[in-house]
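Coordinates as given in model-v9.txt (compact mmCIF, C-alpha atoms):
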```txt
# COMPACT_ATOMS: atom_id res chain seq x y z
CA MET A 22 0.00 0.00 0.00
CA SER A 23 1.39 3.38 -0.99
CA PRO A 24 2.58 5.57 1.91
CA THR A 25 1.06 8.55 0.08
CA LEU A 26 -2.69 9.06 0.35
CA ARG A 27 -4.32 10.94 -2.53
CA LEU A 28 -7.40 12.91 -1.52
CA ALA A 29 -9.68 14.65 -4.01
CA SER A 30 -12.76 16.83 -3.80
CA PHE A 31 -15.02 17.63 -6.72
CA ASN A 32 -18.29 19.51 -7.06
CA LEU A 33 -19.81 17.38 -9.84
CA LEU A 34 -22.49 19.86 -10.95
CA SER A 35 -24.58 16.66 -11.28
CA GLY A 36 -22.15 15.42 -13.92
CA ARG A 37 -22.96 18.19 -16.38
CA SER A 38 -20.42 19.77 -18.70
CA PRO A 39 -20.32 23.57 -19.12
CA SER A 40 -19.43 23.06 -22.78
CA ASP A 41 -22.75 21.47 -23.79
CA GLY A 42 -24.88 21.28 -20.63
CA ARG A 43 -25.28 17.51 -20.94
CA ALA A 44 -24.72 14.91 -18.23
CA ASP A 45 -22.89 11.90 -19.64
CA VAL A 46 -22.00 9.21 -17.10
CA ASP A 47 -19.05 7.95 -19.16
CA ARG A 48 -17.60 11.43 -19.33
CA LEU A 49 -18.12 11.87 -15.58
CA THR A 50 -16.51 8.57 -14.62
CA ALA A 51 -13.57 9.14 -16.96
CA ALA A 52 -13.04 12.56 -15.37
CA VAL A 53 -12.93 11.30 -11.78
CA ALA A 54 -10.86 8.24 -12.71
CA SER A 55 -8.23 10.56 -14.20
CA LEU A 56 -7.69 12.02 -10.72
CA ASP A 57 -6.72 8.54 -9.41
CA PRO A 58 -7.78 9.36 -5.82
CA ASP A 59 -7.65 7.06 -2.81
CA VAL A 60 -10.53 9.06 -1.32
CA LEU A 61 -13.00 11.12 -3.36
CA ALA A 62 -15.40 13.64 -1.83
CA GLY A 63 -18.26 14.56 -4.15
CA GLN A 64 -20.75 17.39 -3.95
CA GLU A 65 -23.88 18.07 -6.06
CA VAL A 66 -24.27 14.35 -6.67
CA ASP A 67 -27.44 13.12 -8.41
CA ARG A 68 -29.12 9.80 -7.62
CA HIS A 69 -31.91 8.51 -9.87
CA GLN A 70 -32.61 11.96 -11.32
CA ALA A 71 -34.37 12.09 -14.71
CA ARG A 72 -32.19 15.05 -15.71
CA THR A 73 -29.08 12.84 -15.46
CA GLY A 74 -30.42 9.60 -16.89
CA LEU A 75 -31.52 8.02 -13.57
CA VAL A 76 -27.86 7.23 -12.77
CA ASP A 77 -26.67 6.64 -9.22
CA GLN A 78 -23.70 8.98 -9.61
CA GLY A 79 -22.23 8.23 -6.17
CA SER A 80 -21.97 4.53 -7.01
CA ALA A 81 -20.72 5.28 -10.53
CA VAL A 82 -17.81 7.45 -9.40
CA ALA A 83 -16.96 5.00 -6.60
CA GLU A 84 -16.70 2.17 -9.12
CA ALA A 85 -14.66 4.36 -11.47
CA ILE A 86 -11.93 4.87 -8.86
CA GLY A 87 -12.00 1.28 -7.60
CA ALA A 88 -13.42 2.14 -4.19
CA VAL A 89 -13.86 -0.61 -1.61
CA ALA A 90 -16.34 1.50 0.38
CA HIS A 91 -18.60 4.41 -0.42
CA ARG A 92 -21.60 6.21 1.03
CA PHE A 93 -24.11 8.79 -0.18
CA VAL A 94 -26.06 11.23 1.99
CA GLY A 95 -29.21 12.57 0.38
CA LEU A 96 -29.94 16.21 1.14
CA VAL A 97 -32.90 16.79 -1.17
CA ASP A 98 -35.74 14.45 -2.18
CA GLY A 99 -36.86 15.48 -5.64
CA THR A 100 -34.93 17.76 -7.99
CA PRO A 101 -33.31 20.89 -6.51
CA GLY A 102 -34.40 24.06 -8.25
CA GLU A 103 -37.70 22.52 -9.37
CA ASP A 104 -41.09 22.67 -7.69
CA GLY A 105 -41.84 19.91 -5.22
CA TRP A 106 -38.40 19.18 -3.80
CA ARG A 107 -38.15 18.79 -0.04
CA PRO A 108 -35.48 18.06 2.56
CA ALA A 109 -34.42 14.43 2.40
CA SER A 110 -35.91 12.27 5.11
CA HIS A 111 -33.63 10.56 7.65
CA ARG A 112 -33.78 6.84 7.14
CA ALA A 113 -32.21 3.96 9.04
CA GLY A 114 -28.58 4.56 9.91
CA ALA A 115 -26.49 7.17 11.65
CA GLU A 116 -28.48 9.93 13.27
CA PRO A 117 -27.43 13.56 13.10
CA GLY A 118 -24.85 14.49 15.70
CA GLU A 119 -24.93 17.52 17.93
CA PRO A 120 -22.30 20.25 17.68
CA GLY A 121 -19.01 18.94 19.00
CA GLU A 122 -20.24 15.34 19.21
CA PRO A 123 -19.48 12.62 16.67
CA GLY A 124 -22.72 10.75 17.40
CA GLU A 125 -23.00 7.02 16.93
CA PRO A 126 -20.98 5.52 14.09
CA GLY A 127 -23.07 3.73 11.51
CA GLU A 128 -24.47 3.77 8.04
CA PRO A 129 -25.63 7.17 6.73
CA GLY A 130 -28.93 5.51 5.78
CA GLU A 131 -30.19 4.24 2.47
CA PRO A 132 -31.97 6.80 0.30
CA GLY A 133 -35.24 5.81 -1.29
CA ASP A 134 -35.75 4.87 -4.91
CA GLY A 135 -36.97 8.31 -5.93
CA PRO A 136 -34.75 11.14 -7.20
CA THR A 137 -32.33 12.47 -4.60
CA TYR A 138 -29.36 14.82 -4.54
CA GLY A 139 -26.55 15.18 -2.04
CA ILE A 140 -22.93 14.44 -1.17
CA SER A 141 -20.83 11.30 -1.39
CA LEU A 142 -17.56 9.86 -0.14
CA ALA A 143 -15.70 6.95 -1.75
CA SER A 144 -12.52 5.26 -0.52
CA ARG A 145 -10.04 2.76 -1.90
CA ARG A 146 -8.79 2.31 1.67
CA PRO A 147 -10.83 0.28 4.19
CA VAL A 148 -13.16 2.37 6.36
CA ARG A 149 -13.44 1.70 10.09
CA SER A 150 -16.59 3.77 10.68
CA TRP A 151 -18.94 6.31 9.07
CA HIS A 152 -20.40 9.41 10.70
CA VAL A 153 -23.00 11.97 9.62
CA LEU A 154 -23.83 15.45 10.87
CA ARG A 155 -26.88 17.18 9.40
CA LEU A 156 -26.67 20.98 9.37
CA GLY A 157 -30.10 21.95 8.05
CA ALA A 158 -30.80 24.85 5.69
CA ALA A 159 -30.87 28.62 6.03
CA PRO A 160 -34.48 29.88 6.30
CA GLY A 161 -36.06 32.04 3.62
CA ARG A 162 -35.20 32.69 -0.01
CA TYR A 163 -32.05 34.29 -1.39
CA PRO A 164 -31.09 36.10 -4.62
CA ILE A 165 -28.98 34.21 -7.13
CA PRO A 166 -27.79 36.22 -10.18
CA LEU A 167 -28.34 34.48 -13.51
CA PRO A 168 -25.87 34.79 -16.43
CA THR A 169 -28.46 36.33 -18.76
CA ARG A 170 -28.73 39.53 -20.78
CA PRO A 171 -30.28 41.58 -19.35
CA ARG A 172 -29.13 40.35 -15.96
CA ARG A 173 -31.82 38.64 -13.90
CA VAL A 174 -31.99 37.46 -10.32
CA MET A 175 -33.73 34.29 -9.19
CA TRP A 176 -34.88 33.95 -5.56
CA ILE A 177 -34.41 30.40 -4.29
CA PRO A 178 -34.47 28.65 -0.92
CA ASP A 179 -31.31 27.18 0.55
CA GLU A 180 -30.87 23.41 0.54
CA PRO A 181 -30.23 21.30 3.63
CA ARG A 182 -26.55 20.68 4.31
CA ALA A 183 -24.63 17.83 5.93
CA VAL A 184 -21.18 16.41 6.63
CA LEU A 185 -20.21 12.83 5.81
CA ALA A 186 -17.06 11.52 7.52
CA ALA A 187 -15.10 8.28 7.14
CA VAL A 188 -12.53 7.06 9.67
CA LEU A 189 -9.94 5.14 7.64
CA GLU A 190 -8.29 1.98 8.92
CA GLU A 191 -4.88 2.69 7.40
CA PRO A 192 -3.62 5.29 7.72
CA ARG A 193 -5.81 6.13 10.72
CA LEU A 194 -7.31 9.39 9.54
CA THR A 195 -10.74 11.01 9.43
CA VAL A 196 -11.72 12.35 6.02
CA ALA A 197 -14.92 14.38 5.71
CA CYS A 198 -16.96 15.78 2.82
CA THR A 199 -19.36 18.72 2.93
CA HIS A 200 -21.06 21.34 0.78
CA LEU A 201 -21.90 24.40 2.86
CA SER A 202 -24.62 26.99 2.35
CA PHE A 203 -24.25 29.74 -0.24
CA VAL A 204 -25.82 32.18 2.26
CA PRO A 205 -23.15 34.53 3.69
CA GLY A 206 -22.79 34.18 7.43
CA VAL A 207 -24.74 30.94 7.56
CA ASN A 208 -21.83 29.11 5.95
CA VAL A 209 -19.48 30.56 8.59
CA VAL A 210 -21.69 29.25 11.41
CA GLN A 211 -21.89 25.87 9.69
CA LEU A 212 -18.11 25.66 9.26
CA ARG A 213 -17.52 26.38 12.93
CA ARG A 214 -19.98 23.66 13.84
CA VAL A 215 -18.27 21.23 11.47
CA ARG A 216 -14.88 22.01 13.03
CA ARG A 217 -16.17 21.25 16.55
CA TRP A 218 -17.83 18.04 15.40
CA LEU A 219 -14.81 16.73 13.51
CA ALA A 220 -12.48 17.53 16.41
CA ALA A 221 -14.22 14.76 18.39
CA LEU A 222 -13.46 12.14 15.72
CA PRO A 223 -10.08 10.35 15.45
CA GLY A 224 -7.29 12.59 14.23
CA PRO A 225 -5.73 13.74 12.10
CA GLN A 226 -8.78 15.18 10.36
CA VAL A 227 -9.12 16.45 6.79
CA LEU A 228 -12.17 18.37 5.60
CA LEU A 229 -12.85 18.39 1.86
CA GLY A 230 -15.56 20.17 -0.06
CA ASP A 231 -17.21 23.19 -1.59
CA LEU A 232 -17.41 25.51 1.41
CA ASN A 233 -18.85 28.48 -0.51
CA LEU A 234 -16.27 30.62 1.28
CA PRO A 235 -13.42 32.27 -0.62
CA GLY A 236 -9.67 32.08 -0.36
CA ARG A 237 -8.05 31.81 3.05
CA LEU A 238 -11.24 32.61 4.96
CA PRO A 239 -11.99 28.94 5.86
CA ALA A 240 -8.48 28.51 7.26
CA ARG A 241 -8.85 31.67 9.36
CA ILE A 242 -12.27 30.56 10.65
CA THR A 243 -11.14 27.06 11.63
CA GLY A 244 -7.49 27.60 12.47
CA TRP A 245 -6.81 24.50 10.34
CA THR A 246 -4.06 24.14 7.73
CA PRO A 247 -5.05 24.73 4.08
CA LEU A 248 -3.66 22.00 1.81
CA VAL A 249 -4.65 23.67 -1.48
CA SER A 250 -4.36 27.36 -2.28
CA ALA A 251 -5.56 28.13 -5.81
CA PRO A 252 -8.77 29.41 -7.45
CA THR A 253 -11.33 26.74 -8.40
CA PHE A 254 -14.39 28.63 -9.69
CA PRO A 255 -15.59 29.18 -12.36
CA ALA A 256 -13.72 26.31 -13.99
CA PRO A 257 -12.70 27.78 -17.37
CA SER A 258 -11.09 30.89 -15.82
CA PRO A 259 -11.24 30.53 -12.04
CA ARG A 260 -11.23 33.67 -9.92
CA LEU A 261 -12.30 32.31 -6.51
CA GLN A 262 -11.28 29.38 -4.39
CA LEU A 263 -14.53 27.89 -3.11
CA ASP A 264 -13.30 24.29 -2.91
CA HIS A 265 -10.99 23.50 -0.02
CA ALA A 266 -8.94 20.89 1.81
CA LEU A 267 -8.29 21.77 5.46
CA ALA A 268 -6.31 19.62 7.90
CA ALA A 269 -5.99 19.47 11.68
CA GLY A 270 -3.64 17.42 13.82
CA LEU A 271 -1.18 16.40 11.11
CA PRO A 272 1.89 14.91 12.84
CA VAL A 273 5.30 16.51 12.55
CA GLY A 274 6.97 15.32 9.37
CA SER A 275 3.77 15.19 7.31
CA HIS A 276 3.99 16.48 3.77
CA ALA A 277 1.09 17.64 1.59
CA GLN A 278 1.17 18.72 -2.04
CA GLY A 279 -2.06 20.21 -3.39
CA ARG A 280 -3.24 21.32 -6.79
CA VAL A 281 -6.38 22.08 -8.80
CA VAL A 282 -7.40 20.18 -11.93
CA GLU A 283 -9.76 21.27 -14.70
CA LEU A 284 -11.95 18.44 -15.97
CA GLU A 285 -14.48 18.11 -18.78
CA VAL A 286 -17.29 18.08 -16.22
CA SER A 287 -18.57 20.80 -13.85
CA ASP A 288 -18.19 24.53 -13.39
CA HIS A 289 -15.72 23.87 -10.54
CA ARG A 290 -12.18 22.60 -10.81
CA ALA A 291 -11.34 19.56 -8.73
CA ILE A 292 -8.80 19.77 -5.92
CA VAL A 293 -6.23 17.03 -5.32
CA VAL A 294 -3.91 16.55 -2.34
CA ASP A 295 -1.10 14.03 -2.09
CA LEU A 296 -0.64 13.54 1.66
CA ARG A 297 2.29 11.64 3.15
CA LEU A 298 2.18 10.91 6.87
CA PRO A 299 5.34 9.95 8.79
```

Would you kindly transcribe this structure into structure tokens?
Amino acid sequence: MSPTLRLASFNLLSGRSPSDGRADVDRLTAAVASLDPDVLAGQEVDRHQARTGLVDQGSAVAEAIGAVAHRFVGLVDGTPGEDGWRPASHRAGAEPGEPGEPGEPGEPGEPGDGPTYGISLASRRPVRSWHVLRLGAAPGRYPIPLPTRPRRVMWIPDEPRAVLAAVLEEPRLTVACTHLSFVPGVNVVQLRRVRRWLAALPGPQVLLGDLNLPGRLPARITGWTPLVSAPTFPAPSPRLQLDHALAAGLPVGSHAQGRVVELEVSDHRAIVVDLRLP
């Protein structure tokens, strides 16, 4: 087993390509496979959505990287952005933890057969335990500018948010995936809650995901070490870093090399970290 652990995070945009707007599962799986990650954190992951060909994207990307374990946490039942969607129900499995508490380890719960949307985590390394923290959604509706001429604004509700964490067997490390709110201030509160929750899980800890917070702000909020420092959004000509890898408790002698990668899929660039622990 390689002493270097490759971690990747990718906002899939439901597998759609900015070049043609289509979601092609072969193009998606080829994109994630090219990253060759040991652990892949996915955000904006579709499951059984008509718009993406009824594909279980979490399972598809897990298979593409040769994962031995993977989990999906549904955040929305229905199709986000369309009438009729609702917060995903909590099914059998790990219950939401309280701030600062890891809760009981267990399965995140199987989503139903209907269309869902959420986050996923896949690992080529054996996983000792899984943990979930549900963060809820910001109340109300919020303005989202649309890239139209003339410029228009669409008012939409926030989606529920969550954190999915895996404690790896070897190396012993907690890796977590999240996609925080786009609502300013709410995402800061959520990140602080995530930091407290993860601190109670086995260290070191690495948080991966689209935090909807720019640049070095997440590192300042958490006090954790940023492992990637480069713009990730929008993918063709990125101006902002919204996608992050933050680490806490890395032992002396650890070495991390991070980079961003543009793929054929999504309006975000993927982030990749090669982490070597002593």

query: Counting all atoms listed in the file, what is within 12 Å of Ile140 (chain A), bar same-chain residues fewer than 3 positions away, as a ChimeraX atom specification?
result: /A:30-35,61-68,77-80,82,91-97,129,132,137,143,153,155,181-186,197-201,229-231

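Minimum distance to Ile292 (chain A) across A:Ala29, A:Val196, A:Val215, A:Ala88 (counting only C-alpha atoms) occurs at A:Ala29.
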
query: Which residue gives the smallest distance to Val227 (chain A) among A:Leu156, A:Leu28, A:Val209, A:Val148, with all atoms listed in the file counted?
result: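 Of the candidates, the smallest distance to Val227 (chain A) is held by A:Leu28.
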
field: Among listed residues A:Pro239, A:Arg172, A:Gly270, A:Pro192, nearest Pro24 (chain A) (using all atoms listed in the file)
entry: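 Closest candidate: A:Pro192.
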
task: Taking (-20.5, 14.1, -18.9) in the file's own coordinates, collect the residues within 6 Å, counting all atoms listed in the file, and hand them back as JSON, numbers by chain.
output: {"A": [36, 37, 38, 44, 45, 46, 48, 49, 286]}

task: Could you give me, as number ranges by chain, the residues within 8 Å of Ala90 (chain A), counting only C-alpha atoms and dropping anything in the same chain fewer than 4 positions from it?
output: A: 83, 143-148

field: Which of A:Arg217, A:Arg260, A:His276, A:Arg149 sits closest to Leu298 (chain A) [using all atoms listed in the file]
entry: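 Selected residue with least distance to Leu298 (chain A): A:His276.
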
Distance of CA of Pro257 (chain A) from CA of Glu283 (chain A), expressed in Å to one decimal place: 7.6 Å

- request: Take CA of Leu263 (chain A) and CA of Pro235 (chain A) and report the distance between them in Å, one decimal.
  value: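 If I compute the distance from CA of Leu263 (chain A) to CA of Pro235 (chain A), I get 5.2 Å.
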
Surrounding residues of Asp98 (chain A) excluding itself and chain neighbours under 3 positions, 8 Å, all atoms listed in the file, as an MDAnalysis selection string: chainID A and resid 95 106:110 135:138

- request: With a distance cut-off of 10 Å and all atoms listed in the file, select the neighbouring residues of Arg237 (chain A), excluding the residue or stretch itself and same-chain residues fewer than 4 positions from it, and output the selection as a list in words.
  value: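 The filter keeps Arg241, Ile242, Thr246, Pro247, Val249, Ser250, Ala251, Gln262, Leu263 and His265 of chain A.
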